[in-house]
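Shown next, in structure tokens, is the structure this report addresses.
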Amino acid sequence: MQSYQHTLLLLLFGLIFIASCDNTLDPTDRNNGDFAVYGFLDLNEETSYIRIRDLNAPFTAEATEELDAIVTLTNLNSGVSDILNSNIREFQGVFQHTYFYNENIVPDNEYLLSLERSDGVVVELTTRTPTKPDPVITPENPNCYEPIQITLTPLNGGTVVFRFATRPDIDEDDRNPWSFPVVIGPDNRNDEEIINLTITPITMAQFLASDPQNAPCSSLLSQGSLTMRVAHYAPGFYEKVTDDELDILESTRQFGAFYADTLRIPIDTSSL
């Protein structure tokens with residue numbers, strides 16, 4: 001889980017660093033925005049982190065030590081609002097301001113992130129959190145050659161990324177054992193509220209094996225299971241952070257919601 005958080009935060013930081021370091025930006029151009037925002041609400045963690053930078057401040061310690069902003073997070077469904085506190089850390093000669101939220105994030109709720117500067121400038125960003133449905137896997141305990149259907153619903157327009165592995169004890173930072181990502185967004189399904197993904201264990205195991213030729217299923221799946229990792233993004237969030245086209249404003253305004261779960265799918269290899 002921590003690996004997903006780390007990777008996503010690095011991706012968001014990279015986009016903002018590129019945009020913020022462009023010396024051609026005119027700080028008085030309102031279209032460039034006033035604050036860089038990157039971070040996300042994590043439904044599986046006790047704390048969510050959001051880093052904020054004043055785009056008008058030069059990259060010096062003196063200019064970045066203080067951040068003139070009141071940062072508020074509001075659950076628009078419940079109306080509950082919290083002023084966020086920040087951790088301040090010096091990194092490569094500048095100060096970074098990371099705001100944190102220590103409450104549970106509610107699935108399928110709309111959240112508003114608001115930044116207000118002392119001169120009245122306000123930046124507001126919203127996201128709707130993923131629905132967090134429990135995957136339904138049928139049939140239960142299939143054999144290696146039996147197709148498995150993985151169903152997720154409802155999704156409320158979110159994007160889901162699947163990865164598979166043949167071992168349950170994988171270091172989350174080790175990407176080699178994992179399959180290529182299977183990305184299913186609203187445009188990749190007939191009904192945006194449901195995903196029905198079908199895989200066959202032996203086919204997936206052969207793909208993941210370094211030497212799949214004639215290997216029995218009991219060897220390929222020696223621990224009797226497939227491991228599935230499900231990463232679920234808020235509507236539009238996955239598409240925004242992975243877009244190849246760099247838009248200055250969008251690249252400095254990356255805020256959304258996310259979670260990742262890892263599940264073990266038992267496979268009956270006893271007679272194969």
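The way I read the labels, and the way they are meant: chains A, B, ... in the order of the structure tokens, residue 1 as the first residue of every chain, and ligand 1 as the first ligand shown, with later ones counted on from there.
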
Residues near Asp34 (chain A), cut-off 7 Å, only C-alpha atoms, skip fewer than 4 positions along chain, as a ChimeraX atom specification: /A:54-56

DSSP strand (DSSP E) residues within region 105-245 of chain A, as an NGL selection string: :A and (110-116 or 122-128 or 136-138 or 148-152 or 159-165 or 182-184 or 195-199 or 225-233)

Nearest to Pro133 (chain A), chosen from A:Pro201, A:Gly120, A:Pro107, A:Pro147, with only C-alpha atoms counted in the distances: A:Pro107

Shell of 10 Å around Phe207 (chain A), only C-alpha atoms, local chain residues under 5 positions omitted, as a list of chain:residue names: A:Ala165, A:Ser179, A:Phe180, A:Pro201, A:Ile202, A:Pro212

Kindly export the residues of the current selection with C-alpha atoms, as a short mmCIF file (atom, residue, chain, number, x, y, z; two decimals), in the first residue's frame.
```
data_model
loop_
_atom_site.label_atom_id
_atom_site.label_comp_id
_atom_site.auth_asym_id
_atom_site.auth_seq_id
_atom_site.Cartn_x
_atom_site.Cartn_y
_atom_site.Cartn_z
CA ALA A 165 1.21 -12.10 -9.40
CA SER A 179 1.76 -8.46 -14.53
CA PHE A 180 1.25 -5.51 -16.82
CA PRO A 201 -5.27 -18.78 -13.94
CA ILE A 202 -3.06 -20.98 -16.14
CA PRO A 212 6.23 -21.49 -18.82
#
```

For Leu155 (chain A), please output as an mmCIF file with N, CA, C and O atoms, in the first residue's frame all residues within 8 Å (counting only C-alpha atoms; exclusion window: fewer than 5 positions along the same chain).
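Writing the result to out_7.cif gives the following:
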```cif
data_model
loop_
_atom_site.group_PDB
_atom_site.id
_atom_site.type_symbol
_atom_site.label_atom_id
_atom_site.label_comp_id
_atom_site.auth_asym_id
_atom_site.auth_seq_id
_atom_site.Cartn_x
_atom_site.Cartn_y
_atom_site.Cartn_z
ATOM 1 N N PRO A 130 -13.557 7.209 -4.463
ATOM 2 C CA PRO A 130 -14.017 5.941 -5.037
ATOM 3 C C PRO A 130 -15.056 5.261 -4.156
ATOM 4 O O PRO A 130 -15.130 5.503 -2.949
ATOM 5 N N THR A 131 -15.837 4.395 -4.765
ATOM 6 C CA THR A 131 -16.934 3.736 -4.059
ATOM 7 C C THR A 131 -16.482 2.614 -3.137
ATOM 8 O O THR A 131 -17.173 2.251 -2.206
ATOM 9 N N LYS A 132 -15.329 2.013 -3.412
ATOM 10 C CA LYS A 132 -14.728 0.942 -2.603
ATOM 11 C C LYS A 132 -15.634 -0.286 -2.478
ATOM 12 O O LYS A 132 -15.918 -0.762 -1.372
ATOM 13 N N PRO A 133 -16.077 -0.872 -3.589
ATOM 14 C CA PRO A 133 -16.869 -2.104 -3.501
ATOM 15 C C PRO A 133 -15.967 -3.300 -3.241
ATOM 16 O O PRO A 133 -14.779 -3.304 -3.578
ATOM 17 N N GLU A 192 -20.667 2.123 -16.913
ATOM 18 C CA GLU A 192 -19.646 2.726 -16.072
ATOM 19 C C GLU A 192 -19.784 2.332 -14.608
ATOM 20 O O GLU A 192 -18.901 2.609 -13.802
ATOM 21 N N GLU A 193 -20.876 1.661 -14.250
ATOM 22 C CA GLU A 193 -21.082 1.263 -12.858
ATOM 23 C C GLU A 193 -20.550 -0.123 -12.532
ATOM 24 O O GLU A 193 -20.552 -0.530 -11.380
ATOM 25 N N ILE A 194 -20.106 -0.901 -13.525
ATOM 26 C CA ILE A 194 -19.714 -2.281 -13.247
ATOM 27 C C ILE A 194 -18.513 -2.697 -14.092
ATOM 28 O O ILE A 194 -18.355 -2.254 -15.234
#
```

Coordinates-based distance that separates CA of Asp134 (chain A) from CA of Leu197 (chain A) (Å, one decimal):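 Computing the Euclidean distance for CA of Leu197 (chain A) and CA of Asp134 (chain A) yields 14.1 Å.
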
Interatomic distance, CA of Asp42 (chain A) to CA of Ile105 (chain A) (Å, one decimal):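 It comes out at 6.8 Å.
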
When you look at Thr262 (chain A) with a cut-off of 7 Å (counting only C-alpha atoms), what residues show up, excluding the ones that are within fewer than 5 positions of it in the same chain? I need them as a tab-separated table (two decimals) with N, CA, C and O atoms, in the first residue's frame.
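Ended up saving to part30.tsv:
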```tsv
chain	number	residue	atom	x	y	z
A	228	MET	N	-3.93	-10.68	-6.50
A	228	MET	CA	-4.50	-9.61	-7.30
A	228	MET	C	-4.39	-8.29	-6.54
A	228	MET	O	-4.76	-8.22	-5.37
A	229	ARG	N	-3.88	-7.27	-7.19
A	229	ARG	CA	-3.83	-5.94	-6.61
A	229	ARG	C	-4.80	-5.05	-7.37
A	229	ARG	O	-4.77	-4.97	-8.60
A	230	VAL	N	-5.67	-4.38	-6.63
A	230	VAL	CA	-6.70	-3.52	-7.21
A	230	VAL	C	-6.44	-2.09	-6.74
A	230	VAL	O	-6.46	-1.81	-5.55
```

Shell around Ala257 (chain A) at 10 Å using only C-alpha atoms, local window under 3 positions removed, as a PDB file with N, CA and C atoms, in the first residue's frame:
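Generated output (part-v1.pdb):
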```pdb
ATOM      1  N   GLY A  39      -1.529  15.892  -4.197  1.00  0.00           N
ATOM      2  CA  GLY A  39      -1.813  14.974  -3.119  1.00  0.00           C
ATOM      3  C   GLY A  39      -3.151  14.320  -3.360  1.00  0.00           C
ATOM      4  N   PHE A  40      -3.507  13.426  -2.469  1.00  0.00           N
ATOM      5  CA  PHE A  40      -4.774  12.716  -2.650  1.00  0.00           C
ATOM      6  C   PHE A  40      -5.273  12.197  -1.315  1.00  0.00           C
ATOM      7  N   LEU A  41      -6.549  11.923  -1.285  1.00  0.00           N
ATOM      8  CA  LEU A  41      -7.201  11.332  -0.123  1.00  0.00           C
ATOM      9  C   LEU A  41      -7.137   9.820  -0.282  1.00  0.00           C
ATOM     10  N   ASP A  42      -6.552   9.145   0.707  1.00  0.00           N
ATOM     11  CA  ASP A  42      -6.366   7.696   0.642  1.00  0.00           C
ATOM     12  C   ASP A  42      -7.379   7.018   1.556  1.00  0.00           C
ATOM     13  N   LEU A  43      -8.249   6.224   0.960  1.00  0.00           N
ATOM     14  CA  LEU A  43      -9.319   5.586   1.721  1.00  0.00           C
ATOM     15  C   LEU A  43      -8.813   4.494   2.653  1.00  0.00           C
ATOM     16  N   SER A  48      -4.024  11.313   5.212  1.00  0.00           N
ATOM     17  CA  SER A  48      -3.841  11.692   3.814  1.00  0.00           C
ATOM     18  C   SER A  48      -3.001  12.965   3.775  1.00  0.00           C
ATOM     19  N   ILE A 105     -11.412   8.696   5.365  1.00  0.00           N
ATOM     20  CA  ILE A 105     -12.027   9.213   4.152  1.00  0.00           C
ATOM     21  C   ILE A 105     -13.232   8.334   3.819  1.00  0.00           C
ATOM     22  N   PRO A 107     -16.001   6.643   1.512  1.00  0.00           N
ATOM     23  CA  PRO A 107     -16.184   6.296   0.094  1.00  0.00           C
ATOM     24  C   PRO A 107     -17.391   7.002  -0.515  1.00  0.00           C
ATOM     25  N   GLU A 110     -18.172  13.540  -1.849  1.00  0.00           N
ATOM     26  CA  GLU A 110     -17.481  14.629  -2.526  1.00  0.00           C
ATOM     27  C   GLU A 110     -16.758  15.492  -1.499  1.00  0.00           C
ATOM     28  N   TYR A 111     -15.483  15.764  -1.767  1.00  0.00           N
ATOM     29  CA  TYR A 111     -14.662  16.575  -0.870  1.00  0.00           C
ATOM     30  C   TYR A 111     -14.205  17.836  -1.596  1.00  0.00           C
ATOM     31  N   THR A 126     -12.147  19.989  -6.105  1.00  0.00           N
ATOM     32  CA  THR A 126     -13.062  18.975  -5.586  1.00  0.00           C
ATOM     33  C   THR A 126     -12.708  17.606  -6.152  1.00  0.00           C
ATOM     34  N   THR A 127     -13.089  16.586  -5.409  1.00  0.00           N
ATOM     35  CA  THR A 127     -12.962  15.213  -5.889  1.00  0.00           C
ATOM     36  C   THR A 127     -14.066  14.380  -5.258  1.00  0.00           C
ATOM     37  N   ARG A 128     -14.516  13.376  -5.992  1.00  0.00           N
ATOM     38  CA  ARG A 128     -15.447  12.392  -5.433  1.00  0.00           C
ATOM     39  C   ARG A 128     -14.675  11.116  -5.179  1.00  0.00           C
ATOM     40  N   THR A 129     -14.716  10.634  -3.947  1.00  0.00           N
ATOM     41  CA  THR A 129     -13.920   9.473  -3.576  1.00  0.00           C
ATOM     42  C   THR A 129     -14.451   8.200  -4.234  1.00  0.00           C
ATOM     43  N   PRO A 130     -13.557   7.209  -4.463  1.00  0.00           N
ATOM     44  CA  PRO A 130     -14.017   5.941  -5.037  1.00  0.00           C
ATOM     45  C   PRO A 130     -15.056   5.261  -4.156  1.00  0.00           C
ATOM     46  N   GLY A 158     -15.346   5.771 -11.625  1.00  0.00           N
ATOM     47  CA  GLY A 158     -13.939   5.683 -11.295  1.00  0.00           C
ATOM     48  C   GLY A 158     -13.177   4.748 -12.226  1.00  0.00           C
ATOM     49  N   HIS A 232      -7.956   1.689  -7.137  1.00  0.00           N
ATOM     50  CA  HIS A 232      -9.213   2.322  -7.537  1.00  0.00           C
ATOM     51  C   HIS A 232      -9.063   3.834  -7.380  1.00  0.00           C
ATOM     52  N   TYR A 233      -9.254   4.556  -8.489  1.00  0.00           N
ATOM     53  CA  TYR A 233      -9.053   6.005  -8.526  1.00  0.00           C
ATOM     54  C   TYR A 233     -10.392   6.733  -8.627  1.00  0.00           C
ATOM     55  N   ALA A 234     -10.431   7.931  -8.057  1.00  0.00           N
ATOM     56  CA  ALA A 234     -11.603   8.787  -8.193  1.00  0.00           C
ATOM     57  C   ALA A 234     -11.859   9.098  -9.662  1.00  0.00           C
ATOM     58  N   PRO A 235     -13.106   9.408 -10.028  1.00  0.00           N
ATOM     59  CA  PRO A 235     -13.410   9.734 -11.425  1.00  0.00           C
ATOM     60  C   PRO A 235     -12.478  10.811 -11.975  1.00  0.00           C
ATOM     61  N   GLY A 236     -11.786  10.486 -13.075  1.00  0.00           N
ATOM     62  CA  GLY A 236     -10.913  11.447 -13.742  1.00  0.00           C
ATOM     63  C   GLY A 236      -9.524  11.583 -13.166  1.00  0.00           C
ATOM     64  N   PHE A 237      -9.253  11.019 -11.978  1.00  0.00           N
ATOM     65  CA  PHE A 237      -7.965  11.245 -11.321  1.00  0.00           C
ATOM     66  C   PHE A 237      -6.839  10.457 -11.979  1.00  0.00           C
ATOM     67  N   TYR A 238      -7.069   9.195 -12.276  1.00  0.00           N
ATOM     68  CA  TYR A 238      -6.029   8.388 -12.941  1.00  0.00           C
ATOM     69  C   TYR A 238      -5.678   8.993 -14.289  1.00  0.00           C
TER      70      TYR A 238
END
```

Best match for closeness to Arg117 (chain A) among A:Gln254, A:Thr200, A:Thr72, A:Ser219, counting only C-alpha atoms: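 Result for the nearest residue to Arg117 (chain A): A:Thr72.
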
Backbone-only DSSP, alpha helix (DSSP H) members of region 178-218 of chain A, as a ChimeraX atom specification: /A:201-208,217-218

Contacts of Met204 (chain A) at 12 Å (only C-alpha atoms; same-chain gap of 4+ positions) as a list of chain:residue names: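 Within the cut-off, the hits are A:Cys144, A:Tyr145, A:Glu146, A:Pro147, A:Ile148, A:Arg163, A:Phe164, A:Ala165, A:Thr166, A:Pro177, A:Trp178, A:Ser179, A:Phe180, A:Thr198, A:Ile199, A:Thr200, A:Leu208, A:Ala209, A:Pro212, A:Cys217, A:Leu220, A:Leu221, A:Ser225, A:Leu226, A:Thr227, A:Met228.
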
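The residue that comes closest to Val161 (chain A), out of A:Pro181, A:Gly224, A:Pro142, A:Gly93 and on the basis of only C-alpha atoms, is A:Pro181.
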
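If you look at CA of Asn87 (chain A) and CA of Val106 (chain A), they are 23.7 Å away from each other.
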
Which of A:Val71, A:Ala205, A:Ile265, A:Ile150 sits closest to Ser118 (chain A) [using only C-alpha atoms]: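 Using only C-alpha atoms, the shortest distance to Ser118 (chain A) belongs to A:Val71.
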